[in-house]
Each structure stands twice: as C-alpha cells, then as structure tokens.
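Chemist: Data: protein.json, JSON, C-alpha atoms.
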```json
[["chain", "number", "residue", "atom", "x", "y", "z"],
["E", 19, "MET", "CA", 228.98, 235.20, 87.94],
["E", 20, "ASN", "CA", 229.46, 233.10, 84.82],
["E", 21, "LYS", "CA", 226.50, 230.72, 85.06],
["E", 22, "VAL", "CA", 222.99, 230.89, 86.38],
["E", 23, "ILE", "CA", 221.38, 227.48, 86.92],
["E", 24, "ILE", "CA", 217.60, 227.39, 87.24],
["E", 25, "PRO", "CA", 215.59, 224.26, 88.05],
["E", 26, "CYS", "CA", 212.33, 224.20, 86.05],
["E", 27, "ASN", "CA", 209.27, 222.41, 87.43],
["E", 28, "ILE", "CA", 206.93, 221.09, 84.76],
["E", 29, "GLY", "CA", 203.39, 220.44, 85.94],
["E", 30, "ASN", "CA", 204.51, 219.32, 89.41],
["E", 31, "GLN", "CA", 205.56, 216.03, 87.78],
["E", 32, "HIS", "CA", 208.96, 216.57, 86.19],
["E", 33, "TRP", "CA", 212.07, 218.72, 86.52],
["E", 34, "ALA", "CA", 214.21, 220.21, 83.78],
["E", 35, "CYS", "CA", 217.11, 222.65, 83.94],
["E", 36, "LEU", "CA", 217.94, 226.00, 82.36],
["E", 37, "VAL", "CA", 221.58, 227.12, 82.33],
["E", 38, "ALA", "CA", 222.45, 230.70, 81.41],
["E", 39, "HIS", "CA", 226.09, 231.27, 80.48],
["E", 40, "MET", "CA", 226.34, 234.96, 81.20],
["E", 41, "ASP", "CA", 229.83, 235.44, 79.78],
["E", 42, "THR", "CA", 229.01, 233.91, 76.37],
["E", 43, "ARG", "CA", 225.35, 235.02, 76.22],
["E", 44, "ARG", "CA", 224.02, 231.51, 75.84],
["E", 45, "ILE", "CA", 220.92, 229.93, 77.39],
["E", 46, "GLU", "CA", 220.70, 226.14, 77.40],
["E", 47, "TYR", "CA", 217.62, 224.12, 78.27],
["E", 48, "TYR", "CA", 217.98, 220.49, 79.41],
["E", 49, "ASP", "CA", 214.98, 218.15, 79.62],
["E", 50, "SER", "CA", 215.26, 214.38, 79.83],
["E", 51, "ILE", "CA", 211.80, 213.84, 78.34],
["E", 52, "GLY", "CA", 212.37, 216.16, 75.40],
["E", 53, "GLY", "CA", 210.42, 219.34, 76.13],
["E", 54, "CYS", "CA", 211.27, 222.45, 74.11],
["E", 55, "GLY", "CA", 211.55, 224.78, 77.12],
["E", 56, "ASN", "CA", 210.10, 227.92, 75.55],
["E", 57, "GLU", "CA", 207.91, 228.42, 78.62],
["E", 58, "PHE", "CA", 211.16, 228.95, 80.60],
["E", 59, "THR", "CA", 213.70, 230.36, 78.13],
["E", 60, "VAL", "CA", 211.51, 233.17, 76.80],
["E", 61, "PRO", "CA", 210.56, 234.53, 80.27],
["E", 62, "PHE", "CA", 214.19, 234.23, 81.42],
["E", 63, "LEU", "CA", 215.39, 236.27, 78.46],
["E", 64, "ARG", "CA", 212.70, 238.83, 79.31],
["E", 65, "TYR", "CA", 213.95, 238.84, 82.93],
["E", 66, "LEU", "CA", 217.48, 239.62, 81.71],
["E", 67, "MET", "CA", 216.10, 242.46, 79.60],
["E", 68, "ASP", "CA", 214.15, 243.88, 82.56],
["E", 69, "GLU", "CA", 217.22, 243.66, 84.81],
["E", 70, "TRP", "CA", 219.29, 245.47, 82.19],
["E", 71, "GLU", "CA", 216.76, 248.30, 82.08],
["E", 72, "VAL", "CA", 216.50, 248.81, 85.85],
["E", 73, "SER", "CA", 220.28, 248.66, 86.35],
["E", 74, "ASN", "CA", 220.72, 251.79, 84.21],
["E", 75, "GLN", "CA", 223.16, 250.10, 81.83],
["E", 76, "GLU", "CA", 224.20, 252.13, 78.81],
["E", 77, "GLY", "CA", 222.62, 251.22, 75.48],
["E", 78, "GLU", "CA", 219.85, 248.75, 74.86],
["E", 79, "PHE", "CA", 219.69, 245.11, 75.84],
["E", 80, "GLU", "CA", 220.58, 243.09, 72.76],
["E", 81, "SER", "CA", 218.34, 240.03, 73.02],
["E", 82, "ASP", "CA", 219.37, 239.01, 69.48],
["E", 83, "SER", "CA", 222.93, 238.50, 70.71],
["E", 84, "TRP", "CA", 221.80, 235.68, 73.03],
["E", 85, "ILE", "CA", 221.78, 232.12, 71.73],
["E", 86, "VAL", "CA", 218.99, 229.93, 73.11],
["E", 87, "SER", "CA", 219.57, 226.20, 72.69],
["E", 88, "ASN", "CA", 217.45, 223.18, 73.48],
["E", 89, "MET", "CA", 220.09, 220.70, 74.63],
["E", 90, "THR", "CA", 217.61, 217.82, 74.85],
["E", 91, "ARG", "CA", 218.82, 216.29, 71.61],
["E", 92, "ALA", "CA", 222.51, 216.93, 72.24],
["E", 93, "GLY", "CA", 223.53, 213.77, 74.06],
["E", 94, "VAL", "CA", 221.36, 214.38, 77.12],
["E", 95, "PRO", "CA", 220.09, 211.10, 78.64],
["E", 96, "HIS", "CA", 216.40, 210.51, 77.93],
["E", 97, "GLN", "CA", 213.76, 209.03, 80.18],
["E", 98, "THR", "CA", 211.51, 206.37, 78.75],
["E", 99, "ASN", "CA", 209.05, 206.21, 81.66],
["E", 100, "ARG", "CA", 206.79, 209.11, 80.83],
["E", 101, "GLU", "CA", 203.99, 207.77, 83.02],
["E", 102, "LEU", "CA", 204.39, 206.65, 86.61],
["E", 103, "GLN", "CA", 203.54, 203.00, 87.08],
["E", 104, "PHE", "CA", 202.24, 203.36, 90.63],
["E", 105, "ASN", "CA", 199.62, 205.36, 92.48],
["E", 106, "GLN", "CA", 198.86, 206.62, 95.98],
["E", 107, "SER", "CA", 197.93, 203.17, 97.26],
["E", 108, "ASP", "CA", 201.54, 202.04, 96.58],
["E", 109, "VAL", "CA", 203.19, 204.74, 98.71],
["E", 110, "SER", "CA", 203.26, 202.70, 101.93],
["E", 111, "THR", "CA", 205.01, 199.80, 100.16],
["E", 112, "MET", "CA", 207.47, 202.18, 98.50],
["E", 113, "ARG", "CA", 208.35, 203.74, 101.87],
["E", 114, "LYS", "CA", 209.05, 200.29, 103.33],
["E", 115, "LEU", "CA", 211.25, 199.37, 100.37],
["E", 116, "ILE", "CA", 213.19, 202.62, 100.72],
["E", 117, "ILE", "CA", 213.80, 201.91, 104.42],
["E", 118, "LEU", "CA", 214.90, 198.34, 103.67],
["E", 119, "THR", "CA", 217.22, 199.62, 100.93],
["E", 120, "ILE", "CA", 218.81, 202.16, 103.31],
["E", 121, "LEU", "CA", 219.29, 199.43, 105.91],
["E", 122, "GLY", "CA", 220.87, 197.21, 103.27],
["E", 123, "ARG", "CA", 218.21, 194.50, 103.55],
["E", 124, "TRP", "CA", 216.68, 194.85, 100.07],
["E", 125, "SER", "CA", 217.82, 195.84, 96.61],
["E", 126, "ILE", "CA", 215.97, 196.36, 93.38],
["E", 127, "ASP", "CA", 218.27, 193.62, 92.03],
["E", 128, "ASP", "CA", 216.43, 191.20, 94.36],
["E", 129, "GLU", "CA", 213.37, 191.35, 92.09]]
```
Could you render the structure from this file as structure tokens?
Modeler:
Amino acid sequence: MNKVIIPCNIGNQHWACLVAHMDTRRIEYYDSIGGCGNEFTVPFLRYLMDEWEVSNQEGEFESDSWIVSNMTRAGVPHQTNRELQFNQSDVSTMRKLIILTILGRWSIDDE
C-alpha cells in the first residue's frame, strides 16, 4: 500500500482530501476553498503513531520524519462560490433541471 486517500467532510458543506504517501512519509491536504487541514492531518498522524504502537514494530514512531503539506496553494483549482446561492425552496426546480439535463432537453448554456 503506497497511498491512503481519505475524503474529509468539512461542516457537512464541503469536501477536501487527505493523501498519505506511505512510502515517502508524506501527507498532503487538498482543499479547493483553501482550508489548512490541521483538523485532519494532525489526527491522521496520531492514528499512524497509534497503529505503529499496537503493531509491535521495533523502535519508536518517528513523527518528525513525516512531511505534512497543505497543497491548496500548489496549483490546486480554487472555488470562488463559498456560499450557496440557493435554498431549500429551490430544490424542486433543481431536481427538474437535473432530469431535463439527463434527458438532453436542457443545458446550463441555455441560460
């Protein structure tokens, strides 16, 4: 296993991604709205340390040998729509537009 990919839910409103490169001891956090990811990277590093301890590996887990990087500023596409521009009353209309799009009878380009 070279990579562990973990989806990260932020406040039930947004998803980010944590990628752990096990062979190179690198943890990368990707977030299209620019979050720092400490609430995910720090616990994941702790998880690795706990797993090391219970697996009876020789020596101590070397957390300092892991590189944790926030990849948000490294060419990752950014969202500009931080707030949703619709609410619950729009859901019925959105469902109809999705159905029409699937059936090929409407496109966002029609607007």
Chemist: Which one is closest to Tyr48 (chain E): E:Met67, E:Arg113, E:Asp82, E:Pro95? Count all atoms listed in the file.
Modeler: E:Pro95
Chemist: Quick one: everything within 10 Å of Arg44 (chain E), counting only C-alpha atoms, minus sequence neighbours fewer than 3 positions away in the same chain. Send it as an mmCIF file with C-alpha atoms, in the coordinates of the input.
Modeler:
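Output contents, as saved in out.cif:
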```
data_model
loop_
_atom_site.group_PDB
_atom_site.id
_atom_site.type_symbol
_atom_site.label_atom_id
_atom_site.label_comp_id
_atom_site.auth_asym_id
_atom_site.auth_seq_id
_atom_site.Cartn_x
_atom_site.Cartn_y
_atom_site.Cartn_z
ATOM 1 C CA LYS E 21 226.500 230.720 85.060
ATOM 2 C CA VAL E 37 221.580 227.120 82.330
ATOM 3 C CA ALA E 38 222.450 230.700 81.410
ATOM 4 C CA HIS E 39 226.090 231.270 80.480
ATOM 5 C CA MET E 40 226.340 234.960 81.200
ATOM 6 C CA ASP E 41 229.830 235.440 79.780
ATOM 7 C CA SER E 83 222.930 238.500 70.710
ATOM 8 C CA TRP E 84 221.800 235.680 73.030
ATOM 9 C CA ILE E 85 221.780 232.120 71.730
ATOM 10 C CA VAL E 86 218.990 229.930 73.110
ATOM 11 C CA SER E 87 219.570 226.200 72.690
#
```
Chemist: What is the distance between CA of Gly55 (chain E) and CA of Asn105 (chain E), in Å to one decimal?
Modeler: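 About the pair CA of Gly55 (chain E) and CA of Asn105 (chain E): they are 27.5 Å apart.
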Chemist: Using only C-alpha atoms, which protein or nucleic acid residues come within 10 Å of Leu66 (chain E)? Drop anything in the same chain fewer than 5 positions from it, and give the result as an MDAnalysis selection string.
Modeler: chainID E and resid 61 71 79 81
Chemist: Can you tell me, as lines of an AutoDock Vina configuration file, the centre and edge lengths (Å, one decimal) of the axis-aligned box enclosing all of region 102-120 of chain E's listed atoms after padding each side by 4 Å?
Modeler:
```
center_x = 208.4
center_y = 202.5
center_z = 95.5
size_x = 28.9
size_y = 16.3
size_z = 25.8
```
Chemist: Go ahead and compute the interatomic distance for CA of Thr90 (chain E) and CA of Tyr65 (chain E), in Å to one decimal.
Modeler: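 It comes out at 22.8 Å.
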Chemist: Between CA of Tyr47 (chain E) and CA of Ser73 (chain E), what is the distance in Å, rounded to a tenth?
Modeler: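 CA of Ser73 (chain E) lies 26.0 Å from CA of Tyr47 (chain E).
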Chemist: What residues have an atom no more than 6 Å from (218.0, 226.7, 84.4) in the file's own frame, counting all atoms listed in the file, and can you write them as a PyMOL selection string?
Modeler: chain E and resi 23-25+35-37
Chemist: Restricting the calculation to all atoms listed in the file, which member of E:Met89, E:Ile120, E:Val109, E:Val22 is positioned closest to Gly52 (chain E)?
Modeler: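 Using all atoms listed in the file, the shortest distance to Gly52 (chain E) belongs to E:Met89.
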Chemist: Pick from E:Val72, E:Ile28, E:Leu115, E:Ile45: nearest to Glu57 (chain E), with only C-alpha atoms counted?
Modeler: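 The answer is E:Ile28, which sits nearest to Glu57 (chain E).
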Chemist: Rank E:Ser107, E:Glu80, E:His32, E:Gly122 by their smallest atom-to-atom distance to Arg64 (chain E), using all atoms listed in the file, and report the top residue only.
Modeler: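 For Arg64 (chain E), the nearest of the candidates is E:Glu80.
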